[in-house]
>>> print(open('upload-v8.tsv').read())   # TSV, N, CA and C atoms
chain	number	residue	atom	x	y	z
A	16	MET	N	-47.14	-50.64	-66.31
A	16	MET	CA	-47.61	-52.01	-66.38
A	16	MET	C	-47.21	-52.65	-67.71
A	17	LYS	N	-47.49	-51.92	-68.81
A	17	LYS	CA	-47.17	-52.46	-70.13
A	17	LYS	C	-45.66	-52.62	-70.31
A	18	LEU	N	-44.88	-51.68	-69.78
A	18	LEU	CA	-43.42	-51.74	-69.90
A	18	LEU	C	-42.86	-52.97	-69.18
A	19	ILE	N	-43.34	-53.23	-67.99
A	19	ILE	CA	-42.86	-54.39	-67.22
A	19	ILE	C	-43.27	-55.68	-67.90
A	20	LEU	N	-44.49	-55.73	-68.41
A	20	LEU	CA	-44.96	-56.92	-69.12
A	20	LEU	C	-44.13	-57.16	-70.39
A	21	THR	N	-43.82	-56.08	-71.09
A	21	THR	CA	-42.99	-56.20	-72.29
A	21	THR	C	-41.61	-56.73	-71.93
A	22	TRP	N	-41.03	-56.22	-70.86
A	22	TRP	CA	-39.71	-56.67	-70.41
A	22	TRP	C	-39.74	-58.15	-70.05
A	23	LEU	N	-40.75	-58.57	-69.30
A	23	LEU	CA	-40.87	-59.98	-68.91
A	23	LEU	C	-41.06	-60.89	-70.13
A	24	LEU	N	-41.86	-60.45	-71.09
A	24	LEU	CA	-42.08	-61.26	-72.28
A	24	LEU	C	-40.84	-61.33	-73.16
A	25	HIS	N	-40.08	-60.25	-73.24
A	25	HIS	CA	-38.83	-60.30	-74.01
A	25	HIS	C	-37.79	-61.20	-73.32
A	26	ALA	N	-37.77	-61.19	-72.00
A	26	ALA	CA	-36.88	-62.11	-71.29
A	26	ALA	C	-37.30	-63.56	-71.54
A	27	THR	N	-38.60	-63.81	-71.55
A	27	THR	CA	-39.10	-65.15	-71.85
A	27	THR	C	-38.74	-65.54	-73.29
A	28	ALA	N	-38.80	-64.57	-74.19
A	28	ALA	CA	-38.41	-64.84	-75.58
A	28	ALA	C	-36.94	-65.21	-75.68
A	29	LEU	N	-36.09	-64.58	-74.87
A	29	LEU	CA	-34.67	-64.95	-74.86
A	29	LEU	C	-34.47	-66.38	-74.36
A	30	LEU	N	-35.23	-66.76	-73.35
A	30	LEU	CA	-35.15	-68.14	-72.87
A	30	LEU	C	-35.61	-69.11	-73.95
A	31	ALA	N	-36.68	-68.76	-74.64
A	31	ALA	CA	-37.17	-69.61	-75.74
A	31	ALA	C	-36.14	-69.69	-76.86
A	32	LEU	N	-35.52	-68.58	-77.16
A	32	LEU	CA	-34.48	-68.55	-78.18
A	32	LEU	C	-33.32	-69.47	-77.81
A	33	ALA	N	-32.90	-69.41	-76.56
A	33	ALA	CA	-31.80	-70.26	-76.10
A	33	ALA	C	-32.19	-71.73	-76.16
A	34	HIS	N	-33.46	-72.01	-75.95
A	34	HIS	CA	-33.93	-73.40	-76.02
A	34	HIS	C	-34.01	-73.89	-77.48
A	35	LEU	N	-34.38	-73.00	-78.39
A	35	LEU	CA	-34.55	-73.38	-79.79
A	35	LEU	C	-33.25	-73.37	-80.59
A	36	TYR	N	-32.31	-72.50	-80.21
A	36	TYR	CA	-31.10	-72.31	-81.00
A	36	TYR	C	-29.88	-72.48	-80.11
A	37	SER	N	-28.99	-73.36	-80.50
A	37	SER	CA	-27.84	-73.70	-79.65
A	37	SER	C	-26.74	-72.63	-79.67
A	38	GLY	N	-26.81	-71.67	-80.56
A	38	GLY	CA	-25.78	-70.63	-80.62
A	38	GLY	C	-25.92	-69.57	-79.55
A	39	VAL	N	-27.06	-69.57	-78.85
A	39	VAL	CA	-27.32	-68.60	-77.79
A	39	VAL	C	-27.59	-69.37	-76.51
A	40	GLU	N	-26.92	-68.95	-75.43
A	40	GLU	CA	-27.12	-69.60	-74.14
A	40	GLU	C	-27.54	-68.56	-73.11
A	41	VAL	N	-28.57	-68.90	-72.34
A	41	VAL	CA	-29.03	-68.05	-71.25
A	41	VAL	C	-29.05	-68.92	-70.00
A	42	LYS	N	-28.35	-68.46	-68.97
A	42	LYS	CA	-28.19	-69.25	-67.75
A	42	LYS	C	-29.51	-69.49	-67.03
A	43	ASP	N	-30.26	-68.44	-66.76
A	43	ASP	CA	-31.52	-68.54	-66.04
A	43	ASP	C	-32.39	-67.33	-66.35
A	44	PHE	N	-33.55	-67.24	-65.70
A	44	PHE	CA	-34.47	-66.15	-65.99
A	44	PHE	C	-33.90	-64.80	-65.56
A	45	ARG	N	-33.14	-64.77	-64.51
A	45	ARG	CA	-32.51	-63.52	-64.06
A	45	ARG	C	-31.54	-62.99	-65.12
A	46	ALA	N	-30.77	-63.89	-65.71
A	46	ALA	CA	-29.87	-63.50	-66.79
A	46	ALA	C	-30.65	-63.04	-68.01
A	47	ALA	N	-31.78	-63.70	-68.28
A	47	ALA	CA	-32.62	-63.29	-69.40
A	47	ALA	C	-33.21	-61.90	-69.16
A	48	LEU	N	-33.60	-61.61	-67.93
A	48	LEU	CA	-34.11	-60.27	-67.60
A	48	LEU	C	-33.03	-59.21	-67.82
A	49	ALA	N	-31.82	-59.51	-67.37
A	49	ALA	CA	-30.71	-58.57	-67.54
A	49	ALA	C	-30.39	-58.38	-69.02
A	50	ALA	N	-30.38	-59.47	-69.77
A	50	ALA	CA	-30.07	-59.39	-71.20
A	50	ALA	C	-31.15	-58.62	-71.95
A	51	ALA	N	-32.40	-58.86	-71.63
A	51	ALA	CA	-33.49	-58.12	-72.29
A	51	ALA	C	-33.38	-56.63	-71.99
A	52	PHE	N	-33.01	-56.31	-70.75
A	52	PHE	CA	-32.85	-54.91	-70.37
A	52	PHE	C	-31.70	-54.26	-71.13
A	53	VAL	N	-30.56	-54.93	-71.19
A	53	VAL	CA	-29.38	-54.37	-71.85
A	53	VAL	C	-29.60	-54.26	-73.36
A	54	ILE	N	-30.21	-55.26	-73.97
A	54	ILE	CA	-30.51	-55.19	-75.40
A	54	ILE	C	-31.46	-54.03	-75.68
A	55	GLY	N	-32.48	-53.89	-74.85
A	55	GLY	CA	-33.40	-52.78	-75.01
A	55	GLY	C	-32.72	-51.43	-74.83
A	56	LEU	N	-31.83	-51.34	-73.87
A	56	LEU	CA	-31.09	-50.10	-73.63
A	56	LEU	C	-30.18	-49.77	-74.81
A	57	PHE	N	-29.48	-50.78	-75.32
A	57	PHE	CA	-28.63	-50.56	-76.49
A	57	PHE	C	-29.46	-50.12	-77.70
A	58	ASN	N	-30.61	-50.76	-77.89
A	58	ASN	CA	-31.46	-50.39	-79.02
A	58	ASN	C	-32.04	-48.99	-78.87
A	59	LEU	N	-32.18	-48.54	-77.64
A	59	LEU	CA	-32.71	-47.20	-77.39
A	59	LEU	C	-31.63	-46.12	-77.53
A	60	VAL	N	-30.41	-46.42	-77.10
A	60	VAL	CA	-29.37	-45.39	-77.02
A	60	VAL	C	-28.33	-45.52	-78.15
A	61	VAL	N	-27.76	-46.70	-78.31
A	61	VAL	CA	-26.63	-46.87	-79.23
A	61	VAL	C	-27.07	-47.07	-80.68
A	62	ARG	N	-28.12	-47.85	-80.88
A	62	ARG	CA	-28.55	-48.20	-82.23
A	62	ARG	C	-28.87	-46.99	-83.10
A	63	PRO	N	-29.61	-45.98	-82.60
A	63	PRO	CA	-29.89	-44.83	-83.47
A	63	PRO	C	-28.63	-44.12	-83.96
A	64	ALA	N	-27.63	-44.01	-83.10
A	64	ALA	CA	-26.37	-43.38	-83.51
A	64	ALA	C	-25.68	-44.21	-84.59
A	65	LEU	N	-25.68	-45.52	-84.41
A	65	LEU	CA	-25.06	-46.39	-85.42
A	65	LEU	C	-25.81	-46.34	-86.74
A	66	VAL	N	-27.11	-46.26	-86.68
A	66	VAL	CA	-27.91	-46.19	-87.91
A	66	VAL	C	-27.58	-44.91	-88.67
A	67	VAL	N	-27.47	-43.80	-87.97
A	67	VAL	CA	-27.14	-42.53	-88.62
A	67	VAL	C	-25.72	-42.56	-89.18
A	68	LEU	N	-24.77	-43.08	-88.40
A	68	LEU	CA	-23.37	-43.12	-88.85
A	68	LEU	C	-23.16	-44.04	-90.05
A	69	THR	N	-23.96	-45.09	-90.15
A	69	THR	CA	-23.78	-46.06	-91.23
A	69	THR	C	-24.83	-45.90	-92.32
A	70	LEU	N	-25.45	-44.75	-92.39
A	70	LEU	CA	-26.51	-44.52	-93.37
A	70	LEU	C	-26.07	-44.76	-94.82
A	71	PRO	N	-24.88	-44.31	-95.24
A	71	PRO	CA	-24.47	-44.59	-96.62
A	71	PRO	C	-24.35	-46.09	-96.91
A	72	VAL	N	-23.77	-46.83	-95.96
A	72	VAL	CA	-23.63	-48.28	-96.15
A	72	VAL	C	-25.01	-48.94	-96.17
A	73	THR	N	-25.88	-48.51	-95.30
A	73	THR	CA	-27.24	-49.05	-95.26
A	73	THR	C	-27.97	-48.75	-96.56
A	74	PHE	N	-27.77	-47.57	-97.10
A	74	PHE	CA	-28.40	-47.21	-98.36
A	74	PHE	C	-27.91	-48.11	-99.50
A	75	PHE	N	-26.60	-48.31	-99.58
A	75	PHE	CA	-26.04	-49.10	-100.67
A	75	PHE	C	-26.35	-50.60	-100.54
A	76	THR	N	-26.60	-51.06	-99.33
A	76	THR	CA	-26.96	-52.47	-99.15
A	76	THR	C	-28.48	-52.67	-99.09
A	77	LEU	N	-29.21	-51.61	-99.44
A	77	LEU	CA	-30.68	-51.65	-99.47
A	77	LEU	C	-31.27	-52.03	-98.11
A	78	GLY	N	-30.64	-51.57	-97.05
A	78	GLY	CA	-31.15	-51.79	-95.69
A	78	GLY	C	-30.66	-53.06	-95.03
A	79	LEU	N	-29.94	-53.89	-95.74
A	79	LEU	CA	-29.48	-55.15	-95.16
A	79	LEU	C	-28.45	-54.94	-94.06
A	80	PHE	N	-27.77	-53.80	-94.07
A	80	PHE	CA	-26.77	-53.54	-93.04
A	80	PHE	C	-27.43	-53.37	-91.67
A	81	LEU	N	-28.72	-53.07	-91.63
A	81	LEU	CA	-29.42	-52.96	-90.36
A	81	LEU	C	-29.43	-54.29	-89.61
A	82	PHE	N	-29.39	-55.40	-90.34
A	82	PHE	CA	-29.28	-56.71	-89.70
A	82	PHE	C	-27.95	-56.84	-88.97
A	83	ILE	N	-26.91	-56.29	-89.56
A	83	ILE	CA	-25.58	-56.31	-88.94
A	83	ILE	C	-25.60	-55.47	-87.65
A	84	ILE	N	-26.25	-54.32	-87.69
A	84	ILE	CA	-26.34	-53.47	-86.50
A	84	ILE	C	-27.11	-54.20	-85.39
A	85	ASN	N	-28.20	-54.87	-85.74
A	85	ASN	CA	-28.96	-55.64	-84.75
A	85	ASN	C	-28.09	-56.74	-84.14
A	86	ALA	N	-27.33	-57.41	-84.98
A	86	ALA	CA	-26.45	-58.47	-84.48
A	86	ALA	C	-25.38	-57.90	-83.56
A	87	LEU	N	-24.86	-56.73	-83.89
A	87	LEU	CA	-23.85	-56.10	-83.03
A	87	LEU	C	-24.41	-55.73	-81.67
A	88	MET	N	-25.66	-55.27	-81.63
A	88	MET	CA	-26.31	-54.94	-80.34
A	88	MET	C	-26.50	-56.21	-79.51
A	89	PHE	N	-26.90	-57.28	-80.16
A	89	PHE	CA	-27.12	-58.56	-79.50
A	89	PHE	C	-25.80	-59.12	-78.97
A	90	TRP	N	-24.77	-59.04	-79.78
A	90	TRP	CA	-23.45	-59.55	-79.43
A	90	TRP	C	-22.83	-58.72	-78.31
A	91	ALA	N	-23.01	-57.40	-78.35
A	91	ALA	CA	-22.47	-56.53	-77.31
A	91	ALA	C	-23.12	-56.82	-75.96
A	92	ALA	N	-24.41	-57.09	-75.97
A	92	ALA	CA	-25.10	-57.43	-74.71
A	92	ALA	C	-24.54	-58.73	-74.14
A	93	ALA	N	-24.28	-59.69	-75.00
A	93	ALA	CA	-23.71	-60.96	-74.55
A	93	ALA	C	-22.29	-60.76	-74.01
A	94	TRP	N	-21.55	-59.85	-74.61
A	94	TRP	CA	-20.19	-59.58	-74.17
A	94	TRP	C	-20.19	-58.95	-72.77
A	95	LEU	N	-21.19	-58.13	-72.47
A	95	LEU	CA	-21.25	-57.44	-71.18
A	95	LEU	C	-21.75	-58.32	-70.04
A	96	LEU	N	-22.62	-59.28	-70.33
A	96	LEU	CA	-23.29	-60.04	-69.28
A	96	LEU	C	-22.69	-61.42	-69.12
A	97	ASP	N	-22.74	-61.92	-67.89
A	97	ASP	CA	-22.17	-63.25	-67.60
A	97	ASP	C	-23.09	-64.40	-67.97
A	98	GLY	N	-24.37	-64.30	-67.67
A	98	GLY	CA	-25.28	-65.42	-67.88
A	98	GLY	C	-25.86	-65.51	-69.27
A	99	PHE	N	-25.43	-64.64	-70.17
A	99	PHE	CA	-25.94	-64.59	-71.54
A	99	PHE	C	-24.76	-64.69	-72.48
A	100	GLN	N	-24.72	-65.75	-73.30
A	100	GLN	CA	-23.58	-65.98	-74.18
A	100	GLN	C	-24.05	-66.23	-75.61
A	101	VAL	N	-23.27	-65.71	-76.54
A	101	VAL	CA	-23.49	-65.94	-77.96
A	101	VAL	C	-22.19	-66.48	-78.52
A	102	ARG	N	-22.25	-67.55	-79.28
A	102	ARG	CA	-21.04	-68.27	-79.71
A	102	ARG	C	-20.17	-67.50	-80.71
A	103	GLY	N	-20.74	-66.68	-81.54
A	103	GLY	CA	-19.97	-65.93	-82.51
A	103	GLY	C	-20.86	-64.94	-83.23
A	104	PHE	N	-20.28	-64.26	-84.24
A	104	PHE	CA	-21.07	-63.25	-84.92
A	104	PHE	C	-22.22	-63.86	-85.73
A	105	GLY	N	-21.97	-65.01	-86.33
A	105	GLY	CA	-23.05	-65.68	-87.07
A	105	GLY	C	-24.19	-66.07	-86.16
A	106	SER	N	-23.86	-66.54	-84.98
A	106	SER	CA	-24.88	-66.87	-83.99
A	106	SER	C	-25.61	-65.62	-83.52
A	107	ALA	N	-24.87	-64.52	-83.40
A	107	ALA	CA	-25.50	-63.26	-83.01
A	107	ALA	C	-26.46	-62.78	-84.10
A	108	LEU	N	-26.09	-62.96	-85.35
A	108	LEU	CA	-26.94	-62.54	-86.46
A	108	LEU	C	-28.23	-63.35	-86.48
A	109	LEU	N	-28.10	-64.67	-86.44
A	109	LEU	CA	-29.30	-65.52	-86.46
A	109	LEU	C	-30.11	-65.35	-85.18
A	110	GLY	N	-29.44	-65.26	-84.04
A	110	GLY	CA	-30.14	-65.06	-82.77
A	110	GLY	C	-30.90	-63.75	-82.74
A	111	SER	N	-30.29	-62.68	-83.27
A	111	SER	CA	-30.99	-61.39	-83.28
A	111	SER	C	-32.18	-61.41	-84.23
A	112	LEU	N	-32.09	-62.15	-85.32
A	112	LEU	CA	-33.23	-62.27	-86.23
A	112	LEU	C	-34.40	-63.00	-85.57
A	113	ILE	N	-34.10	-64.09	-84.89
A	113	ILE	CA	-35.15	-64.85	-84.20
A	113	ILE	C	-35.72	-64.02	-83.05
A	114	TYR	N	-34.86	-63.36	-82.30
A	114	TYR	CA	-35.31	-62.52	-81.19
A	114	TYR	C	-36.18	-61.36	-81.70
A	115	SER	N	-35.82	-60.80	-82.84
A	115	SER	CA	-36.63	-59.74	-83.44
A	115	SER	C	-38.00	-60.26	-83.86
A	116	ALA	N	-38.04	-61.48	-84.39
A	116	ALA	CA	-39.32	-62.07	-84.77
A	116	ALA	C	-40.20	-62.27	-83.53
A	117	PHE	N	-39.59	-62.74	-82.44
A	117	PHE	CA	-40.34	-62.85	-81.18
A	117	PHE	C	-40.82	-61.48	-80.73
A	118	GLY	N	-39.98	-60.46	-80.88
A	118	GLY	CA	-40.35	-59.11	-80.49
A	118	GLY	C	-41.54	-58.58	-81.27
A	119	VAL	N	-41.59	-58.88	-82.56
A	119	VAL	CA	-42.73	-58.47	-83.37
A	119	VAL	C	-44.01	-59.14	-82.87
A	120	LEU	N	-43.93	-60.42	-82.56
A	120	LEU	CA	-45.09	-61.14	-82.04
A	120	LEU	C	-45.53	-60.58	-80.69
A	121	ILE	N	-44.58	-60.28	-79.83
A	121	ILE	CA	-44.89	-59.72	-78.51
A	121	ILE	C	-45.55	-58.35	-78.65
A	122	ASP	N	-44.97	-57.50	-79.48
A	122	ASP	CA	-45.52	-56.16	-79.66
A	122	ASP	C	-46.91	-56.20	-80.28
A	123	SER	N	-47.12	-57.13	-81.21
A	123	SER	CA	-48.44	-57.28	-81.82
A	123	SER	C	-49.48	-57.74	-80.79
A	124	ALA	N	-49.11	-58.69	-79.95
A	124	ALA	CA	-50.04	-59.18	-78.93
A	124	ALA	C	-50.34	-58.09	-77.90
A	125	LEU	N	-49.33	-57.34	-77.49
A	125	LEU	CA	-49.55	-56.27	-76.52
A	125	LEU	C	-50.35	-55.12	-77.11
A	126	GLN	N	-50.23	-54.91	-78.41
A	126	GLN	CA	-51.03	-53.88	-79.07
A	126	GLN	C	-52.51	-54.23	-78.99
A	127	ARG	N	-52.81	-55.52	-79.07
A	127	ARG	CA	-54.21	-55.94	-78.96
A	127	ARG	C	-54.71	-55.86	-77.52
A	128	LEU	N	-53.83	-56.17	-76.58
A	128	LEU	CA	-54.23	-56.11	-75.17
A	128	LEU	C	-54.36	-54.67	-74.66
A	129	PHE	N	-53.43	-53.84	-75.11
A	129	PHE	CA	-53.41	-52.43	-74.66
A	129	PHE	C	-53.48	-51.52	-75.90
A	130	PRO	N	-54.68	-51.33	-76.44
A	130	PRO	CA	-54.77	-50.48	-77.63
A	130	PRO	C	-54.39	-49.04	-77.31
A	131	PRO	N	-53.88	-48.31	-78.30
A	131	PRO	CA	-53.50	-46.92	-78.08
A	131	PRO	C	-54.72	-46.10	-77.66
A	132	GLN	N	-54.53	-45.22	-76.71
A	132	GLN	CA	-55.61	-44.37	-76.22
A	132	GLN	C	-55.57	-43.03	-76.95
A	133	PRO	N	-56.73	-42.56	-77.40
A	133	PRO	CA	-56.72	-41.22	-78.03
A	133	PRO	C	-56.54	-40.14	-76.98
A	134	PHE	N	-56.03	-39.02	-77.40
A	134	PHE	CA	-55.77	-37.93	-76.46
A	134	PHE	C	-57.03	-37.35	-75.94
>>> encode(input="upload-v8.tsv", output="structure tokens")
Amino acid sequence: MKLILTWLLHATALLALAHLYSGVEVKDFRAALAAAFVIGLFNLVVRPALVVLTLPVTFFTLGLFLFIINALMFWAAAWLLDGFQVRGFGSALLGSLIYSAFGVLIDSALQRLFPPQPF
């Protein structure tokens, strides 16, 4: 239940992002659902490998390179999907920052609705 609600809210956040920022375009809610799924999948599978591989660069940039990795995940999802477009890398960077801020708000709200259960 919580996973599906999280997915729906992240898709809604993508639609809101496309409405607020012209560098990101989402065709419809179905495209937003697909994009939220692909971004989540990339963040689950690809991002950890990239973080480990780029650890020295991340260390020397004091963690700022993680923003670049987030933008690459966002941009790669747009490259794969038809109804989700990002105008360029700068748009992917700003779009991923805004989308991450929405994600923090969503996760915080869901934490209040579904508090962790003790074992």
>>> residues_around(input="upload-v8.tsv", residues="A:Phe44", least_positions_apart="6", cutoff="8 Å", atoms="all atoms listed in the file", output="PyMOL selection string")
chain A and resi 26-27+30+50
>>> closest_residue(input="upload-v8.tsv", among="A:Gly110, A:Gly103, A:Pro131, A:Pro63", to="A:Leu32", atoms="only N, CA and C atoms")
A:Gly110
>>> atom_distance(input="upload-v8.tsv", atom1="atom N of A:Ala46", atom2="atom CA of A:Gly98")
6.1 Å
>>> residues_around(input="upload-v8.tsv", residues="stretch 112-117 of chain A", least_positions_apart="6", cutoff="7 Å", atoms="all atoms listed in the file", output="list in words")
Ala28, Leu29, Leu32, Asn85 and Ala86 of chain A
>>> residues_near_point(input="upload-v8.tsv", point="(-39.7, -59.5, -67.8)", cutoff="10 Å", atoms="only C-alpha atoms", output="PDB file with N, CA and C atoms, in the frame of the given file")
ATOM      1  N   LEU A  18     -44.880 -51.680 -69.780  1.00  0.00           N
ATOM      2  CA  LEU A  18     -43.420 -51.740 -69.900  1.00  0.00           C
ATOM      3  C   LEU A  18     -42.860 -52.970 -69.180  1.00  0.00           C
ATOM      4  N   ILE A  19     -43.340 -53.230 -67.990  1.00  0.00           N
ATOM      5  CA  ILE A  19     -42.860 -54.390 -67.220  1.00  0.00           C
ATOM      6  C   ILE A  19     -43.270 -55.680 -67.900  1.00  0.00           C
ATOM      7  N   LEU A  20     -44.490 -55.730 -68.410  1.00  0.00           N
ATOM      8  CA  LEU A  20     -44.960 -56.920 -69.120  1.00  0.00           C
ATOM      9  C   LEU A  20     -44.130 -57.160 -70.390  1.00  0.00           C
ATOM     10  N   THR A  21     -43.820 -56.080 -71.090  1.00  0.00           N
ATOM     11  CA  THR A  21     -42.990 -56.200 -72.290  1.00  0.00           C
ATOM     12  C   THR A  21     -41.610 -56.730 -71.930  1.00  0.00           C
ATOM     13  N   TRP A  22     -41.030 -56.220 -70.860  1.00  0.00           N
ATOM     14  CA  TRP A  22     -39.710 -56.670 -70.410  1.00  0.00           C
ATOM     15  C   TRP A  22     -39.740 -58.150 -70.050  1.00  0.00           C
ATOM     16  N   LEU A  23     -40.750 -58.570 -69.300  1.00  0.00           N
ATOM     17  CA  LEU A  23     -40.870 -59.980 -68.910  1.00  0.00           C
ATOM     18  C   LEU A  23     -41.060 -60.890 -70.130  1.00  0.00           C
ATOM     19  N   LEU A  24     -41.860 -60.450 -71.090  1.00  0.00           N
ATOM     20  CA  LEU A  24     -42.080 -61.260 -72.280  1.00  0.00           C
ATOM     21  C   LEU A  24     -40.840 -61.330 -73.160  1.00  0.00           C
ATOM     22  N   HIS A  25     -40.080 -60.250 -73.240  1.00  0.00           N
ATOM     23  CA  HIS A  25     -38.830 -60.300 -74.010  1.00  0.00           C
ATOM     24  C   HIS A  25     -37.790 -61.200 -73.320  1.00  0.00           C
ATOM     25  N   ALA A  26     -37.770 -61.190 -72.000  1.00  0.00           N
ATOM     26  CA  ALA A  26     -36.880 -62.110 -71.290  1.00  0.00           C
ATOM     27  C   ALA A  26     -37.300 -63.560 -71.540  1.00  0.00           C
ATOM     28  N   THR A  27     -38.600 -63.810 -71.550  1.00  0.00           N
ATOM     29  CA  THR A  27     -39.100 -65.150 -71.850  1.00  0.00           C
ATOM     30  C   THR A  27     -38.740 -65.540 -73.290  1.00  0.00           C
ATOM     31  N   ALA A  28     -38.800 -64.570 -74.190  1.00  0.00           N
ATOM     32  CA  ALA A  28     -38.410 -64.840 -75.580  1.00  0.00           C
ATOM     33  C   ALA A  28     -36.940 -65.210 -75.680  1.00  0.00           C
ATOM     34  N   PHE A  44     -33.550 -67.240 -65.700  1.00  0.00           N
ATOM     35  CA  PHE A  44     -34.470 -66.150 -65.990  1.00  0.00           C
ATOM     36  C   PHE A  44     -33.900 -64.800 -65.560  1.00  0.00           C
ATOM     37  N   ARG A  45     -33.140 -64.770 -64.510  1.00  0.00           N
ATOM     38  CA  ARG A  45     -32.510 -63.520 -64.060  1.00  0.00           C
ATOM     39  C   ARG A  45     -31.540 -62.990 -65.120  1.00  0.00           C
ATOM     40  N   ALA A  47     -31.780 -63.700 -68.280  1.00  0.00           N
ATOM     41  CA  ALA A  47     -32.620 -63.290 -69.400  1.00  0.00           C
ATOM     42  C   ALA A  47     -33.210 -61.900 -69.160  1.00  0.00           C
ATOM     43  N   LEU A  48     -33.600 -61.610 -67.930  1.00  0.00           N
ATOM     44  CA  LEU A  48     -34.110 -60.270 -67.600  1.00  0.00           C
ATOM     45  C   LEU A  48     -33.030 -59.210 -67.820  1.00  0.00           C
ATOM     46  N   ALA A  49     -31.820 -59.510 -67.370  1.00  0.00           N
ATOM     47  CA  ALA A  49     -30.710 -58.570 -67.540  1.00  0.00           C
ATOM     48  C   ALA A  49     -30.390 -58.380 -69.020  1.00  0.00           C
ATOM     49  N   ALA A  51     -32.400 -58.860 -71.630  1.00  0.00           N
ATOM     50  CA  ALA A  51     -33.490 -58.120 -72.290  1.00  0.00           C
ATOM     51  C   ALA A  51     -33.380 -56.630 -71.990  1.00  0.00           C
ATOM     52  N   PHE A  52     -33.010 -56.310 -70.750  1.00  0.00           N
ATOM     53  CA  PHE A  52     -32.850 -54.910 -70.370  1.00  0.00           C
ATOM     54  C   PHE A  52     -31.700 -54.260 -71.130  1.00  0.00           C
TER      55      PHE A  52
END
>>> select_by_dssp(input="upload-v8.tsv", residues="chain A", states="strand (DSSP E)", output="compact mmCIF listing (two decimals) with N, CA and C atoms, keeping the file's coordinate frame")
# COMPACT_ATOMS: atom_id res chain seq x y z
N VAL A 39 -27.06 -69.57 -78.85
CA VAL A 39 -27.32 -68.60 -77.79
C VAL A 39 -27.59 -69.37 -76.51
N GLU A 40 -26.92 -68.95 -75.43
CA GLU A 40 -27.12 -69.60 -74.14
C GLU A 40 -27.54 -68.56 -73.11
N VAL A 41 -28.57 -68.90 -72.34
CA VAL A 41 -29.03 -68.05 -71.25
C VAL A 41 -29.05 -68.92 -70.00
N PHE A 99 -25.43 -64.64 -70.17
CA PHE A 99 -25.94 -64.59 -71.54
C PHE A 99 -24.76 -64.69 -72.48
N GLN A 100 -24.72 -65.75 -73.30
CA GLN A 100 -23.58 -65.98 -74.18
C GLN A 100 -24.05 -66.23 -75.61
N VAL A 101 -23.27 -65.71 -76.54
CA VAL A 101 -23.49 -65.94 -77.96
C VAL A 101 -22.19 -66.48 -78.52
>>> atom_distance(input="upload-v8.tsv", atom1="atom N of A:Leu35", atom2="atom CA of A:Leu120")
16.4 Å
>>> atom_distance(input="upload-v8.tsv", atom1="atom CA of A:Gln100", atom2="atom CA of A:Glu40")
5.1 Å
>>> closest_residue(input="upload-v8.tsv", among="A:Lys17, A:Pro130, A:Phe99, A:Asn58", to="A:Lys42", atoms="only N, CA and C atoms")
A:Phe99
>>> select_by_dssp(input="upload-v8.tsv", residues="chain A", states="alpha helix (DSSP H)", output="ChimeraX atom specification")
/A:17-35,44-68,70-75,80-95,104-128
>>> residues_near_point(input="upload-v8.tsv", point="(-26.5, -64.6, -80.8)", cutoff="8 Å", atoms="only C-alpha atoms", output="PyMOL selection string")
chain A and resi 38-39+86+89-90+93+100-111
>>> decode(input="upload-v8.tsv", residues="stretch 69-77 of chain A", atoms="N, CA, C and O atoms", output="mmCIF file, in the first residue's frame")
data_model
loop_
_atom_site.group_PDB
_atom_site.id
_atom_site.type_symbol
_atom_site.label_atom_id
_atom_site.label_comp_id
_atom_site.auth_asym_id
_atom_site.auth_seq_id
_atom_site.Cartn_x
_atom_site.Cartn_y
_atom_site.Cartn_z
ATOM 1 N N THR A 69 32.574 6.626 -8.213
ATOM 2 C CA THR A 69 32.995 8.029 -8.226
ATOM 3 C C THR A 69 33.306 8.551 -6.832
ATOM 4 O O THR A 69 33.332 9.768 -6.615
ATOM 5 N N LEU A 70 33.563 7.657 -5.906
ATOM 6 C CA LEU A 70 33.827 8.056 -4.523
ATOM 7 C C LEU A 70 34.989 9.045 -4.382
ATOM 8 O O LEU A 70 34.857 10.035 -3.647
ATOM 9 N N PRO A 71 36.118 8.863 -5.082
ATOM 10 C CA PRO A 71 37.190 9.857 -4.952
ATOM 11 C C PRO A 71 36.770 11.254 -5.423
ATOM 12 O O PRO A 71 37.080 12.258 -4.774
ATOM 13 N N VAL A 72 36.051 11.311 -6.541
ATOM 14 C CA VAL A 72 35.586 12.614 -7.045
ATOM 15 C C VAL A 72 34.587 13.222 -6.069
ATOM 16 O O VAL A 72 34.633 14.426 -5.781
ATOM 17 N N THR A 73 33.701 12.411 -5.542
ATOM 18 C CA THR A 73 32.719 12.890 -4.572
ATOM 19 C C THR A 73 33.415 13.404 -3.323
ATOM 20 O O THR A 73 33.025 14.434 -2.769
ATOM 21 N N PHE A 74 34.450 12.720 -2.891
ATOM 22 C CA PHE A 74 35.203 13.153 -1.717
ATOM 23 C C PHE A 74 35.857 14.512 -1.955
ATOM 24 O O PHE A 74 35.773 15.404 -1.118
ATOM 25 N N PHE A 75 36.506 14.671 -3.100
ATOM 26 C CA PHE A 75 37.214 15.922 -3.385
ATOM 27 C C PHE A 75 36.270 17.098 -3.654
ATOM 28 O O PHE A 75 36.662 18.245 -3.474
ATOM 29 N N THR A 76 35.054 16.807 -4.084
ATOM 30 C CA THR A 76 34.084 17.892 -4.306
ATOM 31 C C THR A 76 33.168 18.085 -3.093
ATOM 32 O O THR A 76 32.178 18.801 -3.185
ATOM 33 N N LEU A 77 33.519 17.432 -1.986
ATOM 34 C CA LEU A 77 32.761 17.538 -0.731
ATOM 35 C C LEU A 77 31.304 17.117 -0.907
ATOM 36 O O LEU A 77 30.388 17.701 -0.324
#
